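Note sheet for the following structure.
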Amino acid sequence: MKVSVVKNILEANDRIAQENRAIFDEKDLLVFNLMSSPGAGKTSLLEKTIDALKEDLKIGVIEGDIQSSQDAERIAEKGIPVVQINTGGACHLDGNMIRDTFKEFDFDALDLLVVENVGNLVCPAEFKVGEDFKAMILSVTEGEDKPAKYPLMFHESKVLLINKIDLLPYVDCSVEKIKEETLKINPGMTIFEISCKTGEGLDAWYNWVREEVKTRRSARKQ
Amino acid sequence: MHEMSIVQSLLDIIQEEMRKHNAKLLRSVRLDIGQLSAIVPESLSFCFEVMTSGTELEGAELIMEIIPLRGACRDCGREFEIKEYAFECPHCSSPHIDTIAGQELSIVEMEVD
């Protein structure tokens with residue numbers, strides 16, 4: 001007997017992500033899902049961003065790693081609420097893992113929640129967690145061929161931060177090429193060139209985040 | 001390697017559908033996998049085999065169809081295949097493209113007894 005089904009295989013996750021999203025909306029919280037390969041600078045970017053914005057915005061962080069709480073400890077030093085998820089092997093965060101952290105947060109006291117995903121350019125792009133948008137980092141040491149090799153993440157993200165531009169003199173990588181390839185896959189992508197080491201380019205990113213929080217808030221009030 | 005969690009979700013759906021149809025044996029299951037989805041069909045097959053072995057679903061055939069990326073242009077309205085992940089209309093060069101196929105990750109049909 002043939003049975004026609006037609007169901008999205010990830011519908012269970014999508015449903016939980018939608019429920020998460022409804023809670024974030026109710027609490028007037030901007031949430032972004034930060035993705036990159038391991039070592040591209042996700043935690044460094046967060047440290048810098050928290051330092052720059054914590055006077056204006058109340059920020060919370062969910063840290064996703066396969067093992068260890070080193071990242072959460074780095075973020076906790078900034079004096080903001082942070083919860084570490086250890087996936088115990090899984091290469092991505094999913095809606096359910098995010099939901100399990102809710103009891104640890106007071107969302108009424110937050111403006112911005114950042115989900116730092118497991119370092120991986122493939123899998124996290126496939127699993128929604130309830131975010132407003134996905135943000136990704138590509139460091140220049142990884143090479144200009146990454147958009148072409150990992151198109152899904154570049155296609156799904158709203159903003160790309162090209163990090164470690166202070167190392168450009170030492171690596172064979174063209175920022176122009178990264179931008180060109182990225183815009184081919186995702187013509188609407190907002191792109192920042194930054195160095196978390198020297199601070200170059202970060203002010204534009206901070207302003208962009210401020211604007212996103214503001215825009216989200218006024219959109220919800222209407 | 002997120003194929004494990006995808007197969008787990010797939011098995012949940014299969015088992016639910018089999019209960020609904022009072023089916024005892026799964027012969028095959030057919031999936032649509034979009035070209036843009038980050039799925040490796042070989043890994044999916046491998047995980048499916050491992051996770052069904054020793055269960056009532058053991059031996060079922062997993063059939064996967066890869067769905068090419070297709071877009072529709074919001075400006076000129078034409079539909080086309082998106083080649084080499086270039087999200088630009090080949091007719092009018094507009095960057096305003098809606099993806100209409102190629103992002104699937106769906107179960108479409110099962111054969112059961």
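Each chain in the structure tokens gets a letter, A, B and so on, in the order shown; residues start at 1 in every chain, and ligands are counted from 1 in the order they appear.
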Kindly provide, as an MDAnalysis selection string, the residues of chain A having any atom no farther than 9 Å from an atom of chain B, counting only C-alpha atoms. chainID A and resid 1:13 90:92 122:126 148 150:153 155 181 183:188
Give me a file of those residues, with N, CA, C and O atoms, as a CSV table (one decimal), in the first residue's frame.
```csv
chain,number,residue,atom,x,y,z
A,1,MET,N,0.8,-1.2,0.0
A,1,MET,CA,0.0,0.0,0.0
A,1,MET,C,0.9,1.3,0.0
A,1,MET,O,1.8,1.4,0.8
A,2,LYS,N,0.6,2.2,-0.9
A,2,LYS,CA,1.4,3.4,-1.0
A,2,LYS,C,0.6,4.5,-0.2
A,2,LYS,O,-0.6,4.6,-0.3
A,3,VAL,N,1.4,5.2,0.7
A,3,VAL,CA,0.8,6.2,1.5
A,3,VAL,C,1.5,7.5,1.1
A,3,VAL,O,2.7,7.6,1.2
A,4,SER,N,0.7,8.5,0.7
A,4,SER,CA,1.3,9.8,0.4
A,4,SER,C,1.3,10.6,1.7
A,4,SER,O,0.4,10.7,2.5
A,5,VAL,N,2.5,11.2,2.0
A,5,VAL,CA,2.7,11.8,3.3
A,5,VAL,C,2.9,13.3,3.2
A,5,VAL,O,2.1,14.1,3.7
A,6,VAL,N,3.9,13.7,2.5
A,6,VAL,CA,4.2,15.2,2.3
A,6,VAL,C,4.3,15.9,3.6
A,6,VAL,O,3.5,16.7,3.9
A,7,LYS,N,5.4,15.7,4.3
A,7,LYS,CA,5.7,16.4,5.5
A,7,LYS,C,7.1,16.8,5.6
A,7,LYS,O,8.0,16.1,5.1
A,8,ASN,N,7.4,18.0,6.0
A,8,ASN,CA,8.7,18.5,6.3
A,8,ASN,C,9.3,17.7,7.4
A,8,ASN,O,8.7,17.5,8.5
A,9,ILE,N,10.5,17.1,7.1
A,9,ILE,CA,11.1,16.2,8.1
A,9,ILE,C,11.4,16.9,9.4
A,9,ILE,O,11.3,16.4,10.5
A,10,LEU,N,11.7,18.2,9.3
A,10,LEU,CA,12.1,19.0,10.5
A,10,LEU,C,10.9,19.7,11.1
A,10,LEU,O,11.1,20.7,11.8
A,11,GLU,N,9.7,19.3,10.7
A,11,GLU,CA,8.6,20.1,11.2
A,11,GLU,C,8.5,20.1,12.7
A,11,GLU,O,8.0,21.1,13.3
A,12,ALA,N,8.9,19.0,13.4
A,12,ALA,CA,8.8,19.1,14.9
A,12,ALA,C,9.7,20.2,15.4
A,12,ALA,O,9.3,20.9,16.3
A,13,ASN,N,10.9,20.3,14.8
A,13,ASN,CA,11.8,21.4,15.3
A,13,ASN,C,11.3,22.7,14.9
A,13,ASN,O,11.3,23.7,15.7
A,90,ALA,N,26.4,16.6,19.4
A,90,ALA,CA,25.6,17.1,18.3
A,90,ALA,C,26.3,18.4,17.7
A,90,ALA,O,26.8,19.2,18.4
A,91,CYS,N,26.2,18.5,16.4
A,91,CYS,CA,26.9,19.5,15.7
A,91,CYS,C,26.2,20.8,15.5
A,91,CYS,O,26.6,21.7,14.8
A,92,HIS,N,25.0,21.0,16.2
A,92,HIS,CA,24.2,22.2,16.0
A,92,HIS,C,23.3,22.3,17.2
A,92,HIS,O,23.1,21.3,17.9
A,122,VAL,N,28.0,24.1,8.4
A,122,VAL,CA,27.0,23.3,7.6
A,122,VAL,C,25.7,23.2,8.4
A,122,VAL,O,24.7,23.8,8.1
A,123,CYS,N,25.7,22.4,9.5
A,123,CYS,CA,24.4,21.9,10.1
A,123,CYS,C,23.6,23.0,10.7
A,123,CYS,O,22.4,23.0,10.6
A,124,PRO,N,24.2,24.0,11.5
A,124,PRO,CA,23.4,24.9,12.2
A,124,PRO,C,22.4,25.7,11.3
A,124,PRO,O,21.3,26.1,11.7
A,125,ALA,N,22.8,25.8,10.0
A,125,ALA,CA,21.9,26.6,9.0
A,125,ALA,C,20.6,25.9,8.8
A,125,ALA,O,19.6,26.5,8.4
A,126,GLU,N,20.5,24.6,9.1
A,126,GLU,CA,19.3,23.8,8.8
A,126,GLU,C,18.3,23.8,9.9
A,126,GLU,O,17.2,23.5,9.7
A,148,ALA,N,31.0,29.6,-1.9
A,148,ALA,CA,30.7,28.6,-2.9
A,148,ALA,C,30.6,27.2,-2.4
A,148,ALA,O,29.8,26.4,-2.8
A,150,TYR,N,29.8,26.4,0.9
A,150,TYR,CA,28.8,26.2,1.9
A,150,TYR,C,27.7,27.2,1.7
A,150,TYR,O,27.4,28.1,2.5
A,151,PRO,N,27.0,27.0,0.5
A,151,PRO,CA,26.0,28.1,0.1
A,151,PRO,C,24.8,28.2,1.1
A,151,PRO,O,24.3,29.3,1.2
A,152,LEU,N,24.4,27.1,1.7
A,152,LEU,CA,23.2,27.3,2.5
A,152,LEU,C,23.3,28.3,3.6
A,152,LEU,O,22.5,29.2,3.8
A,153,MET,N,24.4,28.3,4.4
A,153,MET,CA,24.6,29.3,5.5
A,153,MET,C,24.6,30.7,4.9
A,153,MET,O,24.0,31.6,5.5
A,155,HIS,N,23.3,31.7,2.3
A,155,HIS,CA,21.9,32.0,1.8
A,155,HIS,C,21.0,32.4,2.9
A,155,HIS,O,20.1,33.2,2.7
A,181,GLU,N,31.1,36.6,-4.2
A,181,GLU,CA,30.6,35.3,-4.1
A,181,GLU,C,29.3,35.3,-3.2
A,181,GLU,O,28.3,34.6,-3.5
A,183,LEU,N,27.3,37.8,-2.4
A,183,LEU,CA,26.2,38.6,-2.9
A,183,LEU,C,25.5,37.8,-4.1
A,183,LEU,O,24.4,38.1,-4.4
A,184,LYS,N,26.3,36.9,-4.7
A,184,LYS,CA,25.7,36.1,-5.7
A,184,LYS,C,24.7,35.1,-5.1
A,184,LYS,O,23.6,35.0,-5.6
A,185,ILE,N,25.0,34.6,-4.0
A,185,ILE,CA,24.2,33.6,-3.3
A,185,ILE,C,23.0,34.3,-2.5
A,185,ILE,O,21.9,33.8,-2.4
A,186,ASN,N,23.4,35.5,-2.0
A,186,ASN,CA,22.4,36.2,-1.2
A,186,ASN,C,22.6,37.7,-1.4
A,186,ASN,O,23.3,38.4,-0.7
A,187,PRO,N,21.9,38.2,-2.5
A,187,PRO,CA,22.0,39.6,-2.9
A,187,PRO,C,21.7,40.6,-1.8
A,187,PRO,O,22.1,41.8,-1.8
A,188,GLY,N,20.9,40.2,-0.8
A,188,GLY,CA,20.4,41.1,0.2
A,188,GLY,C,21.3,41.2,1.5
A,188,GLY,O,21.1,41.8,2.5
```
So that I can check the secondary structure, give me every residue of segment 5-77 of chain B assigned strand (DSSP E) by backbone DSSP, as a PyMOL selection string. chain B and resi 26-34+61-67+70-73
Where in chain B does DSSP assign alpha helix (DSSP H), given as a ChimeraX atom specification? /B:3-20,41-52
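Taking only C-alpha atoms into account, Glu104 of chain A lies nearest to A:Pro81 out of the set A:Gly39, A:Gly88, A:Pro81, A:Pro169.
Pairwise distance (atom CA of Met64 of chain B, atom CA of Ser157 of chain A) equals 26.9 Å.
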